[in-house]
Structures are given as structure tokens and as C-alpha cells.
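J.: Sharing a structure with you now.
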Amino acid sequence: MAMKRAAVSAVRAFTSSGNPAPSVLARGLHASPGSKKIVGVFYNANEYASMNPNFLGCVENALGIRDWLETQGHEYIVTADKDGPHSELEKHMSDLHVLISTPFHPAYVTAERIKKAKNLQLLLTAGIGSDHIDLKAAAAAGLTVAEVTGSNVVSVAEDELMRILILVRNFLPGHHQVINGEWNVAAIAHRAYDLEGKTVGTVGAGRIGRLLLQRLKPFNCNLLYHDRLQMDAELESQIGATYEEDLDAMLPKCDIIVINTPLTEKTKGMFDKERIAKLKKGVLIVNNARGAIMDTQAVVDACSSGHIAGYSGDVWYPQPAPKDHPWRYMPNQAMTPHISGTTIDAQLRYAAGVKDMLECYFKGEDFPEQNYIVKDGELASQYR
């Protein structure tokens with residue numbers, strides 16, 4: 001049993017040094033069958049909740065697992081109210097056993113919240129990307145953190161390709177002309193280009209980055225990628241991408257840069273004023289990874305000066321983005337709310353994945369290995 005093993009190993013490590021085992025290290029020992037309090041934090045769908053029976057990733061439809069959980073005697077509380085000391089989530093932190101959250105409406109699980117959550121055993125992400133959780137604190141507390149790996153990689157990769165084309169073809173100003181009753185071809189065409197022949201570099205080439213590169217191949221681009229690990233030579237040849245070990249050597253070569261790296265201590269603020277200044281003037285940037293990878297004001301300044309000719313993404317910090325977030329108002333942007341990974345198809349996949357992991361949890365069985373973000377006190381390699 002994964003959670004039991006995590007707790008046992010932590011207790012052994014601590015007691016072997018001659019210290020008594022604190023209660024926090026023994027949390028996982030209580031992952032036996034029985035009634036559990038499970039809290040899910042999702043976005044409100046309001047009137048849209050009933051428009052599609054497969055719209056599972058919202059508060060109203062609660063991943064489609066309410067009846068399944070409650071008929072087994074578990075308590076299932078779902079809310080969108082997640083921030084602050086008086087939020088609905090905060091009311092339940094002290095006695096919940098499982099917290100399900102999502103990158104699209106992230107419940108920020110801080111070290112303080114983990115300390116308060118004395119019964120907490122399992123943190124599940126409905127989707128991929130668990131940086132809204134203090135992973136080091138979760139590991140130290142003997143918790144298990146897991147996500148539905150692969151559930152929305154196709155969704156995000158497709159969205160990235162769309163955003164590249166929107167920026168390259170200068171699509172949004174043309175769309176706005178139609179809405180405003182205007183017709184000025186020159187105002188669009190003077191900075192509209194073909195994607196063919198452009199150099200596109202992805203920062204990160206995991207599941208999403210590789211899918212994007214595969215989808216870009218038919219456009220006859222010059223494809224570059226930077227990652228901790230180089231791809232298998234055969235796959236690299238099939239995709240037609242070139243590995244760049246040195247990130248700062250790759251970036252100035254790129255007409256288009258796509259961010260596909262997880263948010264970690266190392267990548268937070270990675271694109272600051274100094275690094276952006278070294279990019280090619282007129283570069284286009286797509287970021288569906290995490291907003292905090294970028295220096296917010298540096299992006300605003302570069303878009304305003306034209307050094308960044310176009311910036312598009314669906315990730316912000318914090319989320320939801322406040323009304324005065326400067327990315328809402330900067331020029332040359334094609335931003336949206338965090339939508340790329342929450343298509344209906346993705347929701348069906350991550351809802352099913354959450355249910356499968358809960359079933360394993362109730363039975364005391366392991367999850368698929370690739371789903372673990374924190375296991376036995378260790379962080380997954382991409383978060384180290």
C-alpha cells in the first residue's frame with residue numbers, strides 16, 4: 001500500500017535516529033478502508049453545467065463521482081471557494097482525508113495548510129501540473145501527491161499550435177476589425193507571416209513538448225528543443241527536431257518560443273528582463289505551462305516595446321487572474337483564461353483517472369507509477 005509504505009519508511013527513518021515518531025509521519029498509516037472525507041476544488045460552471053453531460057470538471061458535476069463515493073459511505077464536498085482564511089476549503093482542511101484540485105482553478109496547498117490538515121493523506125490533481133501544492137512540505141509530511149499523467153497532453157499541444165498560428169498570422173487584430181465594423185487589410189498584413197521556414201524552439205520536451213513538435217513537423221519549420229534529457233535518436237529523427245543543450249544558446253535563434261517546462265524553484269522567473277533582452281527582436285512566445293515561469297512586468301515591458309511581437313498563453317499567476325493583472329491590458333497579447341487542458345475530452349480522461357486512483361487508494365493499492373508526484377517522501381524528477 002503506497003501511503004502505508006510512505007508512512008512506515010518515514011517513521012523508521014525518524015525513529016532509527018533515536019527520536020520518537022511524531023504524529024505527522026504516521027498519517028499514511030490510516031489509509032485503511034473506511035469512510036473518508038474528500039474535498040474537491042473546481043471552477044463554477046453555473047448555467048453552462050447542464051449544457052453538456054460530459055462537462056465533468058466543474059463544481060456542479062464534480063468529476064461525475066459523487067454518487068459513486070456517497071454510496072460507499074464517503075463524504076464528498078465540492079467547492080470553488082478556495083482562497084483565504086474564511087474560504088470554504090479552509091473550513092474543511094482540519095479533517096479532510098483527500099483533497100482533489102485542478103490546475104485550472106488551483107487550490108494553493110501551502111505548508112501552513114498541510115500543517116493544519118491533520119487527517120490529510122492524499123492530494124490528487126485532476127489534470128497535470130501539481131505546482132499549486134508545496135511539494136516539499138507534502139513530502140516532509142508523509143503525504144502522497146499524484147496527478148492524472150497524460151490526461152490532457154493532446155489538448156494542450158493542440159492549443160499551443162493554435163496560439164502559434166494566431167500570433168504568426170496576426171489573427172486577433174483582424175477579428176477585432178470585424179467586430180468593430182472595420183476593414184483595413186494593411187493593418188493586419190504588415191505583420192502577418194507564414195509559419196513555414198520559421199525557427200520554433202520548445203523549452204521542455206516532455207509529453208506535451210514532443211506532441212507539439214510532432215504537430216509542427218508538417219509545417220516545415222526548423223524545430224529546436226531544450227530539455228534535461230535528449231530524446232531517443234530514432235524519435236528525434238522522426239520528429240526532425242534538434243537538441244539544444246544550452247538554453248541561452250537556443251533562445252536567440254528562435255522566431256517562436258514555446259514554454260513546456262514545469263514550474264519549479266529552478267524555473268520560477270526563468271524569463272526575466274535580462275533573458276528576454278537576449279531574445280530575437282520581434283519574437284513570439286506561447287506559454288501554456290505556468291505563468292510564474294515568466295517575470296510578469298518584464299513581459300509587459302517587452303510587449304509594449306515590441307521586443308516581444310506577440311505573447312499568448314492561458315496561464316497566469318495567481319489564478320484566477322485579478323482584474324488588474326497587467327497581462328490583460330498589455331499590447332500584442334492573445335491571452336485567455338486557463339482553458340487549454342480542460343476540453344471535454346480531457347475532462348473525461350482526468351475524471352476517469354481520478355476515480356481509478358481513488359479506487360486504488362480505498363483498496364490500498366499502488367497508482368500507476370507515472371502518476372506519482374510525491375511518493376515515499378520523494379519528489380518526482382521533474383520537480384527536483
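Letters A, B, ... go to the chains of the C-alpha cells in the order shown; residues in each chain start at 1; ligands are counted from 1 in the same order.
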Would you give me, as a ChimeraX atom specification, the residues in stretch 197-306 of chain A that DSSP reads as alpha helix (DSSP H)?

T.: /A:207-216,233-239,247-250,273-277,296-305

J.: Determine, counting only C-alpha atoms, which protein, DNA and RNA residues have an atom within 6 Å of an atom of stretch 112-126 of chain A; residues of the same chain fewer than 4 positions away are not included. Present the result as a PyMOL selection string.

T.: chain A and resi 28+93-102+143-147+350

J.: Do a neighbour search on A:Asp248 at 9 Å with only C-alpha atoms, toss out local chain neighbours closer than 2 positions, and write the hits as a list in words.

T.: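 Contacts, in chain order: Asp246, Met250, Leu251, Pro252, Arg275, Lys278 and Leu279 of chain A.
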
J.: For the residues in the current selection, export N, CA, C and O atoms as a short mmCIF file (atom, residue, chain, number, x, y, z; two decimals), in the first residue's frame.

T.:
data_model
loop_
_atom_site.label_atom_id
_atom_site.label_comp_id
_atom_site.auth_asym_id
_atom_site.auth_seq_id
_atom_site.Cartn_x
_atom_site.Cartn_y
_atom_site.Cartn_z
N ASP A 246 22.23 23.89 -24.41
CA ASP A 246 22.38 25.20 -23.80
C ASP A 246 21.16 26.06 -24.11
O ASP A 246 20.97 26.49 -25.26
N MET A 250 20.12 28.48 -27.48
CA MET A 250 18.97 28.20 -28.34
C MET A 250 18.06 29.41 -28.52
O MET A 250 17.61 29.72 -29.63
N LEU A 251 17.77 30.10 -27.43
CA LEU A 251 16.70 31.11 -27.45
C LEU A 251 16.90 32.19 -28.51
O LEU A 251 15.93 32.54 -29.20
N PRO A 252 18.10 32.77 -28.68
CA PRO A 252 18.23 33.84 -29.69
C PRO A 252 18.04 33.37 -31.12
O PRO A 252 17.87 34.19 -32.03
N ARG A 275 17.00 37.85 -19.54
CA ARG A 275 16.89 36.78 -20.54
C ARG A 275 16.03 37.22 -21.72
O ARG A 275 16.34 36.91 -22.88
N LYS A 278 17.79 39.15 -24.41
CA LYS A 278 18.67 38.39 -25.29
C LYS A 278 17.91 37.68 -26.42
O LYS A 278 18.53 37.12 -27.32
N LEU A 279 16.58 37.71 -26.36
CA LEU A 279 15.79 37.06 -27.40
C LEU A 279 15.81 37.89 -28.68
O LEU A 279 16.07 39.09 -28.66
#

J.: Env of A:Gly129: 12 Å cut, atoms = only C-alpha atoms, seq-sep filter 2 positions within chain, self excluded. Answer as an MDAnalysis selection string.

T.: chainID A and resid 101:106 124:127 131:133 135 145:153 208 260:264 288:290 315 341 371:373 380 382:383

J.: Grab the atom CA of A:Phe55 to atom CA of A:Asp345 distance for me, in Å with one decimal place.

T.: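 Result for atom CA of A:Phe55 versus atom CA of A:Asp345: 9.2 Å, one decimal.
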
J.: Return the single residue from A:Ala302, A:Cys254, A:Ala107, A:Val59 that is closest to A:Asn332, with distances computed using only C-alpha atoms.

T.: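 Checking each candidate against A:Asn332, we get A:Ala302 as the closest.
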
J.: Kindly assemble as a Markdown table a list of the stretch 197-241 of chain A residues that lie within 12 Å of stretch 168-192 of chain A, each paired with its nearest atom pair and their distance in Å to one decimal, using only C-alpha atoms, sorted first by chain and then by ascending residue number.

T.:
| residue | atom | partner | partner_atom | distance |
| --- | --- | --- | --- | --- |
| A:Gly197 | CA | A:Val168 | CA | 11.9 |
| A:Lys198 | CA | A:Val168 | CA | 9.7 |
| A:Thr199 | CA | A:Val168 | CA | 11.9 |
| A:Val200 | CA | A:Val168 | CA | 11.4 |

J.: How about saving the chosen residues, all heavy atoms kept, as a CSV table (one decimal), in the first residue's frame?

T.:
chain,number,residue,atom,x,y,z
A,197,GLY,N,9.2,27.7,-42.5
A,197,GLY,CA,10.5,28.2,-42.5
A,197,GLY,C,10.9,28.9,-41.2
A,197,GLY,O,12.1,29.3,-41.1
A,198,LYS,N,10.0,29.1,-40.3
A,198,LYS,CA,10.4,29.8,-39.1
A,198,LYS,C,11.1,28.8,-38.1
A,198,LYS,O,10.8,27.6,-38.2
A,198,LYS,CB,9.1,30.3,-38.4
A,198,LYS,CG,8.4,31.3,-39.2
A,198,LYS,CD,9.2,32.5,-39.7
A,198,LYS,CE,8.4,33.5,-40.5
A,198,LYS,NZ,8.1,33.0,-41.8
A,199,THR,N,11.9,29.3,-37.2
A,199,THR,CA,12.5,28.5,-36.2
A,199,THR,C,11.7,28.5,-34.9
A,199,THR,O,11.5,29.6,-34.4
A,199,THR,CB,14.0,29.0,-35.9
A,199,THR,OG1,14.7,28.9,-37.1
A,199,THR,CG2,14.6,28.2,-34.8
A,200,VAL,N,11.3,27.4,-34.5
A,200,VAL,CA,10.4,27.2,-33.3
A,200,VAL,C,11.2,26.4,-32.3
A,200,VAL,O,11.7,25.3,-32.6
A,200,VAL,CB,9.1,26.5,-33.7
A,200,VAL,CG1,8.2,26.4,-32.4
A,200,VAL,CG2,8.4,27.2,-34.8

J.: Please identify all polymer residues within 10 Å of A:Asp134, counting only C-alpha atoms, omitting same-chain residues fewer than 4 positions from it, and present them as a list in words.

T.: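 Here the answer would be Tyr108, Val109, Thr110, Ala111, Glu112, Arg113, Ile114, Ser130, Ala138 and Ala139 of chain A.
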
J.: Okay, now the selection with N, CA and C atoms, as a tab-separated table (two decimals), in the first residue's frame?

T.:
chain	number	residue	atom	x	y	z
A	108	TYR	N	-4.39	26.45	-3.66
A	108	TYR	CA	-2.99	26.57	-3.25
A	108	TYR	C	-2.79	25.89	-1.89
A	109	VAL	N	-2.11	24.76	-1.92
A	109	VAL	CA	-1.91	23.95	-0.72
A	109	VAL	C	-0.53	24.30	-0.16
A	110	THR	N	-0.52	25.21	0.78
A	110	THR	CA	0.71	25.71	1.37
A	110	THR	C	1.18	24.82	2.51
A	111	ALA	N	2.39	25.07	2.95
A	111	ALA	CA	2.90	24.34	4.12
A	111	ALA	C	2.02	24.58	5.33
A	112	GLU	N	1.50	25.79	5.45
A	112	GLU	CA	0.61	26.12	6.57
A	112	GLU	C	-0.66	25.29	6.52
A	113	ARG	N	-1.23	25.17	5.33
A	113	ARG	CA	-2.44	24.36	5.19
A	113	ARG	C	-2.16	22.88	5.46
A	114	ILE	N	-1.03	22.40	4.99
A	114	ILE	CA	-0.67	21.00	5.23
A	114	ILE	C	-0.52	20.75	6.72
A	130	SER	N	1.22	19.94	-10.66
A	130	SER	CA	0.88	19.99	-9.24
A	130	SER	C	1.68	21.05	-8.49
A	138	ALA	N	4.67	18.65	1.48
A	138	ALA	CA	3.88	17.42	1.36
A	138	ALA	C	4.77	16.20	1.58
A	139	ALA	N	5.96	16.22	1.00
A	139	ALA	CA	6.89	15.10	1.17
A	139	ALA	C	7.32	14.96	2.63

J.: Which residues are close to A:Arg66, i.e. within 9 Å by only C-alpha atoms, leaving aside same-chain residues fewer than 4 positions away? Reply as a count of residues only.

T.: 7

J.: Name all residues at most 9 Å from A:Ala277 (count only C-alpha atoms; drop same-chain ones fewer than 4 positions away) and give them as a list in words.

T.: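 In the requested format, the answer is Asp272, Lys273, Lys281, Ala302 and His307 of chain A.
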
J.: Using atom CA of A:Met357 and atom CA of A:Asn44 as the two end points, give the distance in Å to one decimal.

T.: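 We find that atom CA of A:Met357 and atom CA of A:Asn44 lie 23.7 Å from each other.
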
J.: Between A:Gly34, A:Ala352, A:Phe367, A:Leu213, which residue has the minimum interatomic distance to A:Val154, considering only C-alpha atoms?

T.: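 Residue with the minimum atom-to-atom distance to A:Val154: A:Leu213.
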
J.: Report the distance between atom CA of A:Trp327 and atom CA of A:Val300 in Å, rounded to one decimal place.

T.: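 Atom CA of A:Val300 lies at a distance of 6.6 Å from atom CA of A:Trp327.
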